[in-house]
>>> print(open('model30.txt').read())   # compact mmCIF, N, CA and C atoms
# COMPACT_ATOMS: atom_id res chain seq x y z
N MET A 1 155.66 143.81 120.03
CA MET A 1 154.37 143.17 119.93
C MET A 1 153.38 144.06 119.18
N LYS A 2 153.43 145.37 119.44
CA LYS A 2 152.49 146.28 118.80
C LYS A 2 152.67 146.30 117.27
N PRO A 3 153.92 146.33 116.71
CA PRO A 3 154.07 146.29 115.25
C PRO A 3 153.51 144.99 114.65
N PHE A 4 153.66 143.88 115.37
CA PHE A 4 153.13 142.59 114.90
C PHE A 4 151.61 142.65 114.81
N PHE A 5 150.95 143.21 115.84
CA PHE A 5 149.50 143.36 115.86
C PHE A 5 149.03 144.23 114.70
N ILE A 6 149.73 145.32 114.45
CA ILE A 6 149.37 146.22 113.34
C ILE A 6 149.49 145.48 112.00
N LEU A 7 150.53 144.67 111.87
CA LEU A 7 150.72 143.89 110.65
C LEU A 7 149.57 142.91 110.44
N ILE A 8 149.15 142.22 111.48
CA ILE A 8 148.04 141.26 111.40
C ILE A 8 146.75 141.98 110.98
N VAL A 9 146.45 143.09 111.59
CA VAL A 9 145.25 143.87 111.26
C VAL A 9 145.31 144.32 109.80
N ALA A 10 146.46 144.77 109.37
CA ALA A 10 146.62 145.22 107.98
C ALA A 10 146.39 144.07 107.01
N LEU A 11 146.96 142.92 107.31
CA LEU A 11 146.78 141.76 106.43
C LEU A 11 145.33 141.31 106.39
N LEU A 12 144.66 141.31 107.52
CA LEU A 12 143.25 140.94 107.55
C LEU A 12 142.39 141.91 106.75
N SER A 13 142.68 143.18 106.84
CA SER A 13 141.89 144.16 106.09
C SER A 13 142.11 144.01 104.59
N ILE A 14 143.34 143.66 104.19
CA ILE A 14 143.60 143.43 102.76
C ILE A 14 142.83 142.20 102.29
N THR A 15 142.85 141.14 103.09
CA THR A 15 142.15 139.90 102.73
C THR A 15 140.65 140.15 102.63
N ILE A 16 140.10 140.82 103.61
CA ILE A 16 138.66 141.10 103.61
C ILE A 16 138.31 141.98 102.41
N HIS A 17 139.13 142.95 102.13
CA HIS A 17 138.88 143.85 101.01
C HIS A 17 138.96 143.11 99.67
N ALA A 18 139.86 142.15 99.56
CA ALA A 18 140.07 141.43 98.29
C ALA A 18 138.91 140.50 97.97
N GLN A 19 138.21 140.00 98.98
CA GLN A 19 137.11 139.08 98.75
C GLN A 19 135.81 139.88 98.67
N LYS A 20 135.34 140.11 97.46
CA LYS A 20 134.12 140.88 97.28
C LYS A 20 132.98 139.95 96.91
N ASN A 21 131.83 140.26 97.41
CA ASN A 21 130.64 139.49 97.07
C ASN A 21 130.05 140.02 95.77
N ASN A 22 129.48 139.12 95.00
CA ASN A 22 128.88 139.46 93.72
C ASN A 22 127.49 140.04 93.96
N PRO A 23 127.24 141.28 93.53
CA PRO A 23 125.92 141.88 93.73
C PRO A 23 124.84 141.21 92.85
N ASN A 24 125.25 140.44 91.84
CA ASN A 24 124.31 139.76 90.95
C ASN A 24 124.06 138.31 91.35
N TYR A 25 124.63 137.88 92.47
CA TYR A 25 124.54 136.49 92.88
C TYR A 25 123.09 136.04 93.03
N ASP A 26 122.77 134.90 92.43
CA ASP A 26 121.44 134.31 92.49
C ASP A 26 121.59 132.95 93.18
N ALA A 27 121.30 132.91 94.46
CA ALA A 27 121.50 131.68 95.26
C ALA A 27 120.68 130.52 94.72
N LYS A 28 119.46 130.79 94.29
CA LYS A 28 118.60 129.73 93.78
C LYS A 28 119.20 129.12 92.51
N LEU A 29 119.63 129.97 91.59
CA LEU A 29 120.23 129.49 90.34
C LEU A 29 121.54 128.74 90.62
N ALA A 30 122.35 129.27 91.52
CA ALA A 30 123.61 128.61 91.86
C ALA A 30 123.35 127.21 92.39
N LYS A 31 122.34 127.08 93.23
CA LYS A 31 122.00 125.76 93.79
C LYS A 31 121.50 124.83 92.69
N GLU A 32 120.61 125.33 91.82
CA GLU A 32 120.09 124.52 90.70
C GLU A 32 121.20 123.99 89.81
N LEU A 33 122.22 124.80 89.59
CA LEU A 33 123.31 124.43 88.70
C LEU A 33 124.42 123.65 89.40
N GLY A 34 124.32 123.52 90.72
CA GLY A 34 125.34 122.79 91.47
C GLY A 34 126.63 123.57 91.66
N ALA A 35 126.52 124.89 91.65
CA ALA A 35 127.71 125.75 91.76
C ALA A 35 128.25 125.81 93.18
N ASP A 36 129.57 125.89 93.29
CA ASP A 36 130.18 126.16 94.58
C ASP A 36 130.22 127.68 94.78
N ASP A 37 130.89 128.14 95.81
CA ASP A 37 130.92 129.58 96.10
C ASP A 37 131.60 130.40 95.01
N TYR A 38 132.38 129.75 94.15
CA TYR A 38 133.06 130.45 93.06
C TYR A 38 132.29 130.35 91.75
N GLY A 39 131.10 129.74 91.79
CA GLY A 39 130.31 129.56 90.57
C GLY A 39 130.82 128.43 89.69
N MET A 40 131.58 127.53 90.28
CA MET A 40 132.23 126.46 89.53
C MET A 40 131.70 125.10 89.99
N LYS A 41 132.00 124.06 89.20
CA LYS A 41 131.67 122.69 89.59
C LYS A 41 132.56 121.72 88.83
N SER A 42 132.51 120.48 89.22
CA SER A 42 133.32 119.44 88.58
C SER A 42 132.58 118.81 87.41
N TYR A 43 133.33 118.56 86.35
CA TYR A 43 132.85 117.89 85.15
C TYR A 43 133.89 116.84 84.77
N VAL A 44 133.60 116.10 83.70
CA VAL A 44 134.62 115.26 83.09
C VAL A 44 134.75 115.70 81.63
N PHE A 45 135.98 116.01 81.25
CA PHE A 45 136.34 116.46 79.92
C PHE A 45 136.87 115.25 79.15
N ALA A 46 136.35 115.04 77.95
CA ALA A 46 136.77 113.89 77.14
C ALA A 46 137.35 114.38 75.82
N VAL A 47 138.50 113.83 75.47
CA VAL A 47 139.10 114.09 74.16
C VAL A 47 138.91 112.83 73.33
N LEU A 48 138.20 112.99 72.22
CA LEU A 48 137.97 111.86 71.31
C LEU A 48 139.09 111.84 70.28
N LYS A 49 139.61 110.64 70.03
CA LYS A 49 140.72 110.46 69.10
C LYS A 49 140.34 109.38 68.09
N THR A 50 141.08 109.33 67.00
CA THR A 50 140.89 108.26 66.03
C THR A 50 141.17 106.93 66.73
N GLY A 51 140.26 105.98 66.55
CA GLY A 51 140.41 104.68 67.19
C GLY A 51 141.23 103.72 66.35
N THR A 52 141.26 102.48 66.79
CA THR A 52 142.10 101.46 66.14
C THR A 52 141.37 100.71 65.03
N ASN A 53 140.07 100.89 64.89
CA ASN A 53 139.31 100.19 63.84
C ASN A 53 139.57 100.87 62.50
N THR A 54 140.21 100.16 61.59
CA THR A 54 140.53 100.70 60.26
C THR A 54 139.69 100.04 59.17
N SER A 55 138.56 99.47 59.56
CA SER A 55 137.66 98.81 58.60
C SER A 55 137.27 99.77 57.48
N THR A 56 137.16 99.25 56.29
CA THR A 56 136.72 100.04 55.14
C THR A 56 135.25 99.80 54.82
N ASP A 57 134.55 99.08 55.68
CA ASP A 57 133.11 98.81 55.48
C ASP A 57 132.34 100.09 55.77
N LYS A 58 131.96 100.79 54.72
CA LYS A 58 131.30 102.10 54.85
C LYS A 58 129.96 102.01 55.56
N GLU A 59 129.24 100.92 55.33
CA GLU A 59 127.93 100.78 55.96
C GLU A 59 128.05 100.64 57.48
N LEU A 60 128.97 99.81 57.93
CA LEU A 60 129.17 99.64 59.38
C LEU A 60 129.66 100.93 60.02
N LYS A 61 130.58 101.59 59.34
CA LYS A 61 131.12 102.85 59.87
C LYS A 61 130.03 103.92 59.94
N SER A 62 129.23 104.01 58.90
CA SER A 62 128.14 104.97 58.87
C SER A 62 127.14 104.70 59.99
N LYS A 63 126.82 103.43 60.20
CA LYS A 63 125.88 103.04 61.26
C LYS A 63 126.45 103.42 62.63
N ALA A 64 127.74 103.18 62.85
CA ALA A 64 128.36 103.50 64.13
C ALA A 64 128.34 105.01 64.39
N PHE A 65 128.62 105.80 63.37
CA PHE A 65 128.65 107.26 63.57
C PHE A 65 127.24 107.84 63.65
N ARG A 66 126.26 107.22 63.00
CA ARG A 66 124.86 107.64 63.19
C ARG A 66 124.48 107.40 64.64
N GLY A 67 124.86 106.24 65.15
CA GLY A 67 124.60 105.93 66.56
C GLY A 67 125.34 106.87 67.50
N HIS A 68 126.53 107.28 67.11
CA HIS A 68 127.33 108.24 67.87
C HIS A 68 126.54 109.55 68.03
N LEU A 69 126.00 110.06 66.92
CA LEU A 69 125.23 111.31 66.96
C LEU A 69 123.94 111.14 67.74
N ASP A 70 123.26 110.01 67.55
CA ASP A 70 122.03 109.75 68.31
C ASP A 70 122.32 109.67 69.81
N ASN A 71 123.44 109.05 70.15
CA ASN A 71 123.84 108.92 71.55
C ASN A 71 124.14 110.29 72.15
N ILE A 72 124.80 111.14 71.40
CA ILE A 72 125.07 112.51 71.86
C ILE A 72 123.75 113.20 72.19
N ASN A 73 122.79 113.13 71.26
CA ASN A 73 121.50 113.78 71.48
C ASN A 73 120.78 113.22 72.72
N ARG A 74 120.85 111.91 72.91
CA ARG A 74 120.23 111.29 74.08
C ARG A 74 120.88 111.79 75.37
N LEU A 75 122.21 111.82 75.40
CA LEU A 75 122.91 112.26 76.60
C LEU A 75 122.66 113.74 76.91
N VAL A 76 122.50 114.56 75.87
CA VAL A 76 122.15 115.97 76.08
C VAL A 76 120.76 116.07 76.72
N LYS A 77 119.81 115.31 76.19
CA LYS A 77 118.45 115.33 76.76
C LYS A 77 118.44 114.88 78.21
N GLU A 78 119.33 113.96 78.55
CA GLU A 78 119.42 113.46 79.93
C GLU A 78 120.26 114.38 80.82
N ASN A 79 120.78 115.48 80.28
CA ASN A 79 121.63 116.43 80.99
C ASN A 79 122.94 115.79 81.49
N LYS A 80 123.41 114.80 80.78
CA LYS A 80 124.67 114.14 81.12
C LYS A 80 125.81 114.68 80.26
N LEU A 81 125.49 115.26 79.12
CA LEU A 81 126.48 115.80 78.21
C LEU A 81 126.10 117.23 77.90
N ILE A 82 127.03 118.16 78.14
CA ILE A 82 126.66 119.56 77.94
C ILE A 82 127.45 120.25 76.84
N VAL A 83 128.53 119.65 76.39
CA VAL A 83 129.27 120.18 75.26
C VAL A 83 129.77 118.99 74.44
N ALA A 84 129.62 119.11 73.12
CA ALA A 84 130.16 118.10 72.21
C ALA A 84 130.46 118.79 70.90
N GLY A 85 131.55 118.41 70.29
CA GLY A 85 131.85 118.99 68.99
C GLY A 85 133.14 118.45 68.42
N PRO A 86 133.24 118.50 67.09
CA PRO A 86 134.43 117.98 66.41
C PRO A 86 135.55 119.01 66.34
N PHE A 87 136.76 118.51 66.20
CA PHE A 87 137.93 119.34 65.92
C PHE A 87 138.19 119.32 64.42
N GLY A 88 138.86 120.33 63.94
CA GLY A 88 139.36 120.30 62.57
C GLY A 88 140.53 119.32 62.48
N LYS A 89 140.96 119.05 61.27
CA LYS A 89 142.10 118.14 61.08
C LYS A 89 143.30 118.65 61.86
N ASN A 90 144.02 117.69 62.48
CA ASN A 90 145.19 118.05 63.28
C ASN A 90 146.16 116.88 63.32
N GLU A 91 147.39 117.17 63.67
CA GLU A 91 148.47 116.17 63.66
C GLU A 91 148.36 115.16 64.80
N ASN A 92 147.48 115.38 65.76
CA ASN A 92 147.36 114.49 66.91
C ASN A 92 146.26 113.44 66.76
N ALA A 93 145.53 113.46 65.67
CA ALA A 93 144.40 112.56 65.43
C ALA A 93 143.29 112.79 66.45
N TYR A 94 143.22 114.01 67.02
CA TYR A 94 142.12 114.36 67.89
C TYR A 94 140.91 114.63 67.03
N ARG A 95 139.78 114.04 67.41
CA ARG A 95 138.58 114.13 66.60
C ARG A 95 137.52 115.08 67.17
N GLY A 96 137.46 115.18 68.49
CA GLY A 96 136.44 116.03 69.08
C GLY A 96 136.52 116.03 70.59
N LEU A 97 135.52 116.67 71.21
CA LEU A 97 135.49 116.73 72.66
C LEU A 97 134.09 116.56 73.18
N PHE A 98 134.02 116.09 74.39
CA PHE A 98 132.79 116.03 75.18
C PHE A 98 133.10 116.69 76.52
N ILE A 99 132.10 117.35 77.08
CA ILE A 99 132.17 117.72 78.49
C ILE A 99 130.93 117.08 79.13
N PHE A 100 131.21 116.10 79.99
CA PHE A 100 130.15 115.38 80.67
C PHE A 100 129.77 116.09 81.96
N ASN A 101 128.48 116.16 82.20
CA ASN A 101 127.95 116.77 83.41
C ASN A 101 127.86 115.71 84.51
N VAL A 102 129.01 115.14 84.82
CA VAL A 102 129.15 114.15 85.88
C VAL A 102 130.40 114.51 86.68
N LYS A 103 130.49 113.96 87.88
CA LYS A 103 131.60 114.33 88.77
C LYS A 103 132.79 113.39 88.69
N THR A 104 132.58 112.14 88.26
CA THR A 104 133.68 111.18 88.34
C THR A 104 134.02 110.58 86.98
N LEU A 105 135.26 110.15 86.87
CA LEU A 105 135.71 109.47 85.67
C LEU A 105 134.93 108.17 85.47
N GLU A 106 134.57 107.51 86.55
CA GLU A 106 133.82 106.26 86.46
C GLU A 106 132.44 106.48 85.85
N GLU A 107 131.77 107.56 86.24
CA GLU A 107 130.46 107.88 85.66
C GLU A 107 130.61 108.15 84.16
N ALA A 108 131.61 108.90 83.79
CA ALA A 108 131.84 109.20 82.38
C ALA A 108 132.18 107.93 81.60
N GLN A 109 132.95 107.04 82.19
CA GLN A 109 133.31 105.78 81.53
C GLN A 109 132.06 104.96 81.21
N GLU A 110 131.10 104.96 82.11
CA GLU A 110 129.84 104.25 81.86
C GLU A 110 129.08 104.89 80.69
N LEU A 111 129.10 106.21 80.61
CA LEU A 111 128.43 106.90 79.50
C LEU A 111 129.13 106.63 78.17
N ILE A 112 130.44 106.57 78.21
CA ILE A 112 131.23 106.31 77.00
C ILE A 112 130.87 104.95 76.40
N LYS A 113 130.57 104.00 77.26
CA LYS A 113 130.23 102.64 76.80
C LYS A 113 128.98 102.62 75.93
N THR A 114 128.15 103.66 76.02
CA THR A 114 126.90 103.70 75.25
C THR A 114 127.09 104.28 73.85
N ASP A 115 128.31 104.68 73.51
CA ASP A 115 128.58 105.30 72.21
C ASP A 115 129.04 104.24 71.21
N PRO A 116 128.25 103.99 70.15
CA PRO A 116 128.61 102.95 69.18
C PRO A 116 129.95 103.18 68.47
N ALA A 117 130.30 104.41 68.17
CA ALA A 117 131.57 104.68 67.48
C ALA A 117 132.76 104.37 68.37
N ILE A 118 132.58 104.54 69.66
CA ILE A 118 133.64 104.19 70.62
C ILE A 118 133.64 102.68 70.84
N ALA A 119 132.45 102.09 71.00
CA ALA A 119 132.36 100.65 71.20
C ALA A 119 132.96 99.88 70.03
N GLU A 120 132.78 100.39 68.82
CA GLU A 120 133.31 99.73 67.61
C GLU A 120 134.75 100.15 67.32
N LYS A 121 135.32 100.97 68.20
CA LYS A 121 136.72 101.41 68.13
C LYS A 121 137.06 102.29 66.93
N TYR A 122 136.03 102.95 66.37
CA TYR A 122 136.31 103.98 65.37
C TYR A 122 136.86 105.22 66.07
N LEU A 123 136.44 105.38 67.31
CA LEU A 123 136.93 106.47 68.16
C LEU A 123 137.49 105.89 69.45
N ALA A 124 138.49 106.54 69.99
CA ALA A 124 139.03 106.24 71.32
C ALA A 124 138.84 107.50 72.15
N VAL A 125 138.95 107.38 73.45
CA VAL A 125 138.69 108.54 74.30
C VAL A 125 139.65 108.58 75.50
N ASP A 126 140.06 109.79 75.84
CA ASP A 126 140.81 110.05 77.07
C ASP A 126 139.93 110.93 77.94
N LEU A 127 139.80 110.58 79.22
CA LEU A 127 138.95 111.31 80.16
C LEU A 127 139.80 112.04 81.20
N TYR A 128 139.34 113.25 81.55
CA TYR A 128 140.04 114.07 82.53
C TYR A 128 139.02 114.75 83.45
N ASN A 129 139.35 114.82 84.73
CA ASN A 129 138.54 115.65 85.63
C ASN A 129 138.76 117.10 85.23
N TRP A 130 137.68 117.87 85.26
CA TRP A 130 137.77 119.27 84.84
C TRP A 130 136.88 120.11 85.75
N TYR A 131 137.35 121.28 86.10
CA TYR A 131 136.65 122.21 86.99
C TYR A 131 136.32 123.46 86.16
N GLY A 132 135.03 123.70 85.95
CA GLY A 132 134.64 124.82 85.11
C GLY A 132 133.39 125.50 85.64
N SER A 133 132.95 126.51 84.92
CA SER A 133 131.79 127.29 85.32
C SER A 133 130.54 126.40 85.38
N ALA A 134 129.80 126.51 86.48
CA ALA A 134 128.56 125.76 86.62
C ALA A 134 127.50 126.27 85.64
N ALA A 135 127.70 127.45 85.08
CA ALA A 135 126.75 128.02 84.12
C ALA A 135 126.90 127.42 82.73
N LEU A 136 127.88 126.58 82.54
CA LEU A 136 128.12 126.01 81.21
C LEU A 136 126.88 125.35 80.63
N SER A 137 126.13 124.65 81.45
CA SER A 137 124.94 123.96 80.94
C SER A 137 123.85 124.94 80.49
N GLU A 138 123.90 126.16 80.95
CA GLU A 138 122.89 127.15 80.57
C GLU A 138 122.97 127.51 79.08
N TYR A 139 124.13 127.32 78.48
CA TYR A 139 124.24 127.66 77.07
C TYR A 139 123.37 126.75 76.20
N LEU A 140 123.05 125.54 76.69
CA LEU A 140 122.24 124.61 75.91
C LEU A 140 120.86 125.18 75.60
N LYS A 141 120.32 125.98 76.50
CA LYS A 141 119.00 126.59 76.25
C LYS A 141 119.05 127.49 75.01
N THR A 142 120.12 128.22 74.87
CA THR A 142 120.28 129.08 73.69
C THR A 142 120.67 128.26 72.47
N ALA A 143 121.54 127.29 72.66
CA ALA A 143 121.99 126.46 71.54
C ALA A 143 120.81 125.77 70.87
N ASP A 144 119.82 125.38 71.65
CA ASP A 144 118.66 124.70 71.08
C ASP A 144 117.79 125.63 70.24
N LYS A 145 118.01 126.91 70.34
CA LYS A 145 117.20 127.88 69.59
C LYS A 145 117.87 128.36 68.31
N ILE A 146 119.12 127.95 68.07
CA ILE A 146 119.82 128.52 66.92
C ILE A 146 120.18 127.51 65.83
N TRP A 147 119.97 126.19 66.07
CA TRP A 147 120.28 125.25 65.00
C TRP A 147 119.11 125.15 64.05
N LYS A 148 119.42 125.06 62.78
CA LYS A 148 118.39 124.98 61.74
C LYS A 148 118.22 123.55 61.26
N ILE A 149 119.32 122.82 61.13
CA ILE A 149 119.29 121.44 60.65
C ILE A 149 119.98 120.56 61.68
N ASN A 150 119.28 119.51 62.13
CA ASN A 150 119.83 118.59 63.10
C ASN A 150 120.68 117.54 62.37
N PRO A 151 121.95 117.35 62.77
CA PRO A 151 122.80 116.38 62.07
C PRO A 151 122.32 114.95 62.25
>>> encode(input="model30.txt", output="structure tokens")
Amino acid sequence: MKPFFILIVALLSITIHAQKNNPNYDAKLAKELGADDYGMKSYVFAVLKTGTNTSTDKELKSKAFRGHLDNINRLVKENKLIVAGPFGKNENAYRGLFIFNVKTLEEAQELIKTDPAIAEKYLAVDLYNWYGSAALSEYLKTADKIWKINP
């Protein structure tokens, strides 16, 4: 019985030692950002792909993609979208990504419906639950200070 007790105490001390508290932890900021104890939170990650619309009408396509960019800007202002950007050419027809600042696929699906390029099927989208740093949205404050020309 005594060796078993010593083993339990040893395991507990290793566990306690392995879990260290962050001396820089800011409880107020963590709460504002919706962070859990690990500084993480749930998002929805979207992969944009080439859609099924193969129309050659340049005016309609241009209008849809202008609306796509305007919609991105609106969602950023509403704090619903925190990352967006295109991919380079690739063999998978992947066009870009979004990271939505929402918890459920259903919430993201509603936001996707507001994108004209997706509604017109120039783009298609796959949605995934994603767990990432709650500080991700903080980069937007810096990002807004470094662009020179708004697309």
>>> residues_around(input="model30.txt", residues="Phe65 of chain A", least_positions_apart="5", cutoff="7 Å", atoms="only N, CA and C atoms", output="list in words")
Leu60, Asp70, Pro116 and Ala117 of chain A
>>> select_by_dssp(input="model30.txt", residues="chain A", states="strand (DSSP E or B)", output="PyMOL selection string")
chain A and resi 40-50+81-86+94-100+123-133
>>> atom_distance(input="model30.txt", atom1="atom N of Ile118 of chain A", atom2="atom CA of Lys103 of chain A")
21.5 Å
>>> closest_residue(input="model30.txt", among="A:Gly96, A:Glu32, A:Asn129, A:Val102", to="Ala84 of chain A", atoms="only C-alpha atoms")
A:Gly96
>>> atom_distance(input="model30.txt", atom1="atom N of Ile99 of chain A", atom2="atom C of Phe45 of chain A")
5.6 Å
>>> closest_residue(input="model30.txt", among="A:Asn24, A:Tyr128, A:Arg74, A:Lys121", to="Thr104 of chain A", atoms="all atoms listed in the file")
A:Tyr128
